[in-house]
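Q: One structure is given below, represented as structure tokens, and several questions about it will come after.
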Amino acid sequence: MLVLGIESSCDETGIALYDTDKGLIADTLYTQVELHAQYGGVVPELASRDHIRKLTPLIMQTLEEANVQRNELDGIAYTAGPGLIGALLTGTSVARSLAYALDIPAVGVHHMEGHLLAPMLEAEQPEFPFICLLISGGHSMIIRVDGIGQYKLLGETLDDAAGEAFDKTAKLLELGYPGGPKVSNLALKGTEGRYKFPRPMVDRPGLDMSFSGLKTYTRNTWLKAVSEDDATDQTKADICRAFEIAVADTLTIKCKRALEQEGLNRIVVAGGVSANREIRAKLDALMKKRRGETFYPRLEFCTDNGAMIAYAGAQRLLAGQCNDLNFAATPRWSLEDLIPIK
Ligand code: KG4
Ligand code: ZN
């Protein structure tokens, strides 16, 4: 089964072709980063307008480059939520219209299920069950995964998502957008130990997380440095280092707790923030000590992309699931509401 995947939930237009026999055969990404950079974050209306401009040419380009004719497609998978509603509607409309014109099924994919299943695009795939740490710009969740669509939310952030905390830290330190890679790159030049940031909520039981306090701690540390005439690039790097280590430590402590609670020793880390070097290093060290297994998507599939949507949609289409023509995009959608694939 050959499936066209369409991702347009935020600031990336992603198109891919996934064949359930041959695997991923094409993947194209157009990023709007430059468009939004001047505003310091994503402007939803501009995102929608740009998706509309790019979607059809990118689909045509992807098919052409893969030497695939439109009538060879067996199904279409598109991100139906969660995300920016205008942006979601662009992908939904294009996907549904194309499916109608070609008379093939279309399925609305949950964006976070796409992220969660992205490691399945790699040669070595995790077996079920596993713990998934799903960390992106809009979500931070710890999930027990027993199969596709069988998700139990064990913990989530009570305020900012991990990626959001990175983005806000970058904004405060005037590093630019998107903040995750900027903070992480500057952290490489930082001196470990100059600052020690708190590890939020680790001394409380449970698996919920909170990152807004860390953001405030960053602001106060920076303002103190400014008032002491120490607002240097080195201070910024030292703050980034302390911030990144605190986030990585906190997530690792929570993951260890989740594995112990569920009696599992396999972890999948996905979503934009899973590209982070320090988080990967700390989780790898934990899993090595436990003699467990860790799985990540390749770096370009950590952040938003069409391949993960094509993959997730293909699994659902293969299982006979598809949606009616009037299936709407939905900005809020719980992973726990998804239909399991038996
Ligand atoms: O999954 P994603 O592309 O979009 C959402 O679904 O939200 O995640 C984007 C988030 C942004 O907050 C970005 O700053 C963060 O992922 N990010 C990173 C890194 N690369 C991207 N955060 C920390 N370290 C990175 N290397
Ligand atoms: Zn995403």
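Naming works like this for the structure tokens: A, B, ... for the chains as they're shown, residue 1 at the start of each chain, ligands 1 onward in shown order.
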Please extract the residues at most 10 Å from ligand 1, counting only C-alpha atoms and all ligand atoms, and provide them as a count of residues only, using the chain letters and residue numbers of this document.

A: 58

Q: Residues at most 7 Å from stretch 226-239 of chain A, counting only C-alpha atoms, excluding those fewer than 2 positions away in the same chain, as an NGL selection string?

A: :A and (173 or 186-187 or 189-192 or 194-195 or 222-224 or 241-243)

Q: Output the selection as a short mmCIF file (atom, residue, chain, number, x, y, z; two decimals), in the first residue's frame - all heavy atoms for each residue.

A:
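After the write, part.cif holds the following:
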```
data_model
loop_
_atom_site.label_atom_id
_atom_site.label_comp_id
_atom_site.auth_asym_id
_atom_site.auth_seq_id
_atom_site.Cartn_x
_atom_site.Cartn_y
_atom_site.Cartn_z
N LEU A 173 17.18 35.27 26.21
CA LEU A 173 18.61 35.53 26.02
C LEU A 173 18.91 36.08 24.62
O LEU A 173 20.08 36.21 24.24
CB LEU A 173 19.41 34.24 26.27
CG LEU A 173 19.30 33.64 27.68
CD1 LEU A 173 20.06 32.32 27.77
CD2 LEU A 173 19.81 34.60 28.75
N LEU A 186 24.70 26.82 22.17
CA LEU A 186 25.43 27.74 23.04
C LEU A 186 25.87 27.03 24.32
O LEU A 186 26.95 27.31 24.87
CB LEU A 186 24.56 28.97 23.35
CG LEU A 186 25.28 30.15 23.98
CD1 LEU A 186 26.48 30.59 23.13
CD2 LEU A 186 24.33 31.33 24.17
N ALA A 187 25.04 26.09 24.78
CA ALA A 187 25.36 25.34 26.01
C ALA A 187 26.70 24.61 25.89
O ALA A 187 27.39 24.39 26.89
CB ALA A 187 24.24 24.35 26.34
N LYS A 189 29.34 25.72 24.85
CA LYS A 189 30.43 26.61 25.28
C LYS A 189 30.32 26.98 26.75
O LYS A 189 31.14 27.75 27.27
CB LYS A 189 30.40 27.90 24.44
CG LYS A 189 30.63 27.66 22.96
CD LYS A 189 30.70 29.00 22.22
CE LYS A 189 30.71 28.75 20.73
NZ LYS A 189 29.98 29.75 19.97
N GLY A 190 29.28 26.51 27.41
CA GLY A 190 29.04 26.89 28.81
C GLY A 190 29.87 26.07 29.79
O GLY A 190 30.29 24.97 29.49
N THR A 191 30.09 26.66 30.94
CA THR A 191 30.86 25.99 31.99
C THR A 191 29.89 25.28 32.92
O THR A 191 29.05 25.92 33.55
CB THR A 191 31.64 27.04 32.83
OG1 THR A 191 32.19 27.99 31.93
CG2 THR A 191 32.70 26.41 33.69
N GLU A 192 30.05 23.95 32.98
CA GLU A 192 29.16 23.19 33.86
C GLU A 192 29.49 23.52 35.31
O GLU A 192 30.65 23.59 35.68
CB GLU A 192 29.34 21.68 33.59
CG GLU A 192 28.32 20.87 34.34
CD GLU A 192 28.25 19.43 33.89
OE1 GLU A 192 28.85 19.08 32.86
OE2 GLU A 192 27.57 18.66 34.59
N ARG A 194 28.81 26.38 36.97
CA ARG A 194 28.79 27.79 37.39
C ARG A 194 27.43 28.13 37.99
O ARG A 194 27.33 28.83 39.00
CB ARG A 194 29.08 28.72 36.20
CG ARG A 194 28.96 30.18 36.63
CD ARG A 194 29.43 31.17 35.61
NE ARG A 194 29.09 32.51 36.03
CZ ARG A 194 28.94 33.53 35.21
NH1 ARG A 194 29.15 33.38 33.91
NH2 ARG A 194 28.61 34.72 35.66
N TYR A 195 26.37 27.65 37.34
CA TYR A 195 25.02 27.81 37.90
C TYR A 195 24.42 26.43 38.11
O TYR A 195 24.67 25.52 37.33
CB TYR A 195 24.10 28.57 36.93
CG TYR A 195 24.55 29.98 36.64
CD1 TYR A 195 25.01 30.32 35.37
CD2 TYR A 195 24.49 30.97 37.62
CE1 TYR A 195 25.40 31.62 35.08
CE2 TYR A 195 24.88 32.27 37.33
CZ TYR A 195 25.34 32.59 36.07
OH TYR A 195 25.73 33.86 35.79
N TRP A 222 19.52 35.63 34.73
CA TRP A 222 20.01 36.55 33.70
C TRP A 222 19.90 38.00 34.18
O TRP A 222 20.85 38.79 34.03
CB TRP A 222 19.22 36.34 32.39
CG TRP A 222 19.59 37.31 31.30
CD1 TRP A 222 18.78 38.22 30.71
CD2 TRP A 222 20.88 37.48 30.67
NE1 TRP A 222 19.45 38.93 29.76
CE2 TRP A 222 20.75 38.49 29.71
CE3 TRP A 222 22.12 36.86 30.85
CZ2 TRP A 222 21.82 38.91 28.92
CZ3 TRP A 222 23.18 37.28 30.06
CH2 TRP A 222 23.03 38.30 29.11
N LEU A 223 18.76 38.35 34.79
CA LEU A 223 18.57 39.74 35.26
C LEU A 223 19.61 40.09 36.34
O LEU A 223 20.11 41.21 36.38
CB LEU A 223 17.14 39.95 35.80
CG LEU A 223 16.05 39.89 34.71
CD1 LEU A 223 14.66 40.11 35.32
CD2 LEU A 223 16.31 40.91 33.60
N LYS A 224 19.95 39.11 37.17
CA LYS A 224 20.97 39.34 38.20
C LYS A 224 22.32 39.60 37.53
O LYS A 224 23.05 40.53 37.91
CB LYS A 224 21.06 38.11 39.12
CG LYS A 224 21.95 38.29 40.33
CD LYS A 224 21.63 37.25 41.40
CE LYS A 224 22.52 37.39 42.62
NZ LYS A 224 23.85 36.84 42.41
N ARG A 241 23.80 26.14 29.57
CA ARG A 241 24.32 24.83 30.02
C ARG A 241 23.54 24.35 31.25
O ARG A 241 23.10 23.20 31.31
CB ARG A 241 25.81 24.96 30.34
CG ARG A 241 26.50 23.69 30.72
CD ARG A 241 27.46 23.21 29.63
NE ARG A 241 28.01 21.90 29.98
CZ ARG A 241 27.46 20.75 29.59
NH1 ARG A 241 26.37 20.76 28.84
NH2 ARG A 241 28.01 19.61 29.93
N ALA A 242 23.39 25.26 32.23
CA ALA A 242 22.69 24.89 33.47
C ALA A 242 21.23 24.56 33.18
O ALA A 242 20.67 23.60 33.74
CB ALA A 242 22.79 26.05 34.47
N PHE A 243 20.61 25.33 32.30
CA PHE A 243 19.21 25.10 31.94
C PHE A 243 19.05 23.72 31.28
O PHE A 243 18.19 22.92 31.66
CB PHE A 243 18.73 26.21 31.00
CG PHE A 243 17.39 25.94 30.38
CD1 PHE A 243 16.22 26.24 31.07
CD2 PHE A 243 17.29 25.36 29.12
CE1 PHE A 243 14.97 25.97 30.51
CE2 PHE A 243 16.05 25.09 28.55
CZ PHE A 243 14.89 25.40 29.25
#
```

Q: As a PyMOL selection string, which residues of stretch 83-226 of chain A does DSSP assign to helix (DSSP H, G or I)?

A: chain A and resi 85-102+111-121+162-172+179-187+212-226

Q: Please identify all polymer residues within 9 Å of stretch 120-126 of chain A, counting only C-alpha atoms, omitting same-chain residues fewer than 3 positions from it, and present them as JSON, numbers by chain.

A: {"A": [23, 24, 116, 117, 129, 130, 266, 267, 268, 293, 294, 295, 296, 297, 298, 301, 307, 308, 311]}

Q: I'd like to know which residues of stretch 242-281 of chain A are strand (DSSP E) (by DSSP, run on the backbone); could you write them as JSON, numbers by chain?

A: {"A": [266, 267, 268, 269, 270]}

Q: Rank A:Pro119, A:Gly306, A:Pro205, A:Gly193 by their smallest atom-to-atom distance to ligand 2, using only C-alpha atoms and all ligand atoms, and report the top residue only.

A: A:Gly306

Q: Can you work out the spacing between atom CA of A:Ile52 and atom CA of A:Lys171 in Å, to one decimal?

A: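 So the answer is 28.1 Å.
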
Q: List as a ChimeraX atom specification the protein and nucleic acid residues near stretch 69-79 of chain A, meaning an atom at most 9 Å away when only C-alpha atoms are counted, but skip any in the same chain fewer than 3 places from it.

A: /A:1-9,17,60,63-64,66,82-83,88,91-92,95-96,98-99,102,104-111,114,306,309-314,317,329

Q: Show which residues sit within 12 Å of A:Lys289, as a PyMOL selection string. Count only C-alpha atoms, and ignore same-chain residues fewer than 6 positions away.

A: chain A and resi 256+265+282-283

Q: Generate the output file for the selected residues, C-alpha atoms, as a compact mmCIF listing (two decimals), in the first residue's frame.

A:
```txt
# COMPACT_ATOMS: atom_id res chain seq x y z
CA LYS A 256 13.47 6.09 35.38
CA ASN A 265 13.06 -1.57 30.39
CA LYS A 282 21.60 11.31 30.06
CA LEU A 283 18.94 8.83 28.94
```

Q: What does the distance between atom CA of A:Glu113 and atom CA of A:Leu55 come to in Å, to one decimal place?

A: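 Answer for the atom CA of A:Glu113 to atom CA of A:Leu55 separation: 21.6 Å.
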
Q: So that I can see what lies close to A:Pro44, please list as a ChimeraX atom specification the residues with an atom at most 9 Å from it, counting only C-alpha atoms and leaving out residues fewer than 5 positions away in the same chain.

A: /A:10-11,49,84-87

Q: With C-alpha atoms kept, could you save the residues just selected as a JSON list (two decimals), in the first residue's frame?

A:
```
[["chain", "number", "residue", "atom", "x", "y", "z"],
["A", 10, "CYS", "CA", 2.64, 24.20, 12.70],
["A", 11, "ASP", "CA", 5.51, 25.83, 10.80],
["A", 49, "ARG", "CA", -1.00, 31.24, 4.21],
["A", 84, "LEU", "CA", -2.75, 25.41, 14.88],
["A", 85, "ILE", "CA", -6.28, 25.14, 13.52],
["A", 86, "GLY", "CA", -5.70, 27.26, 10.41],
["A", 87, "ALA", "CA", -2.54, 25.35, 9.53]]
```

Q: Would you please work out which residue, of A:Leu214, A:Ala118, A:Ile25, A:Leu46, is nearest to ligand 2 when using only C-alpha atoms and all ligand atoms?

A: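 Among the listed residues, the smallest separation from ligand 2 belongs to A:Ala118.
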
Q: Restricting the calculation to only C-alpha atoms, which member of A:Lys22, A:Asp27, A:Ser97, A:His36 is positioned closest to A:Asp324?

A: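 Result for the nearest residue to A:Asp324: A:Ser97.
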
Q: Give me the residues near stretch 153-159 of chain A as a PyMOL selection string, where near means some atom within 10 Å (using only C-alpha atoms) and where sequence neighbours in that chain fewer than 4 positions away do not count.

A: chain A and resi 131-135+138-145+164-165+206-213+254-255+258+261-262+334-336

Q: Would you mind telling me which residue in A:Gly263, A:Gly320, A:Gly292, A:Gly176 lies nearest to A:Tyr39 when using only C-alpha atoms?

A: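 Checking each candidate against A:Tyr39, we get A:Gly176 as the closest.
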
Q: Go ahead and compute the interatomic distance for atom CA of A:Val94 and atom CA of A:Thr56, in Å to one decimal.

A: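 Atom-to-atom, atom CA of A:Val94 and atom CA of A:Thr56 are spaced 7.7 Å apart.
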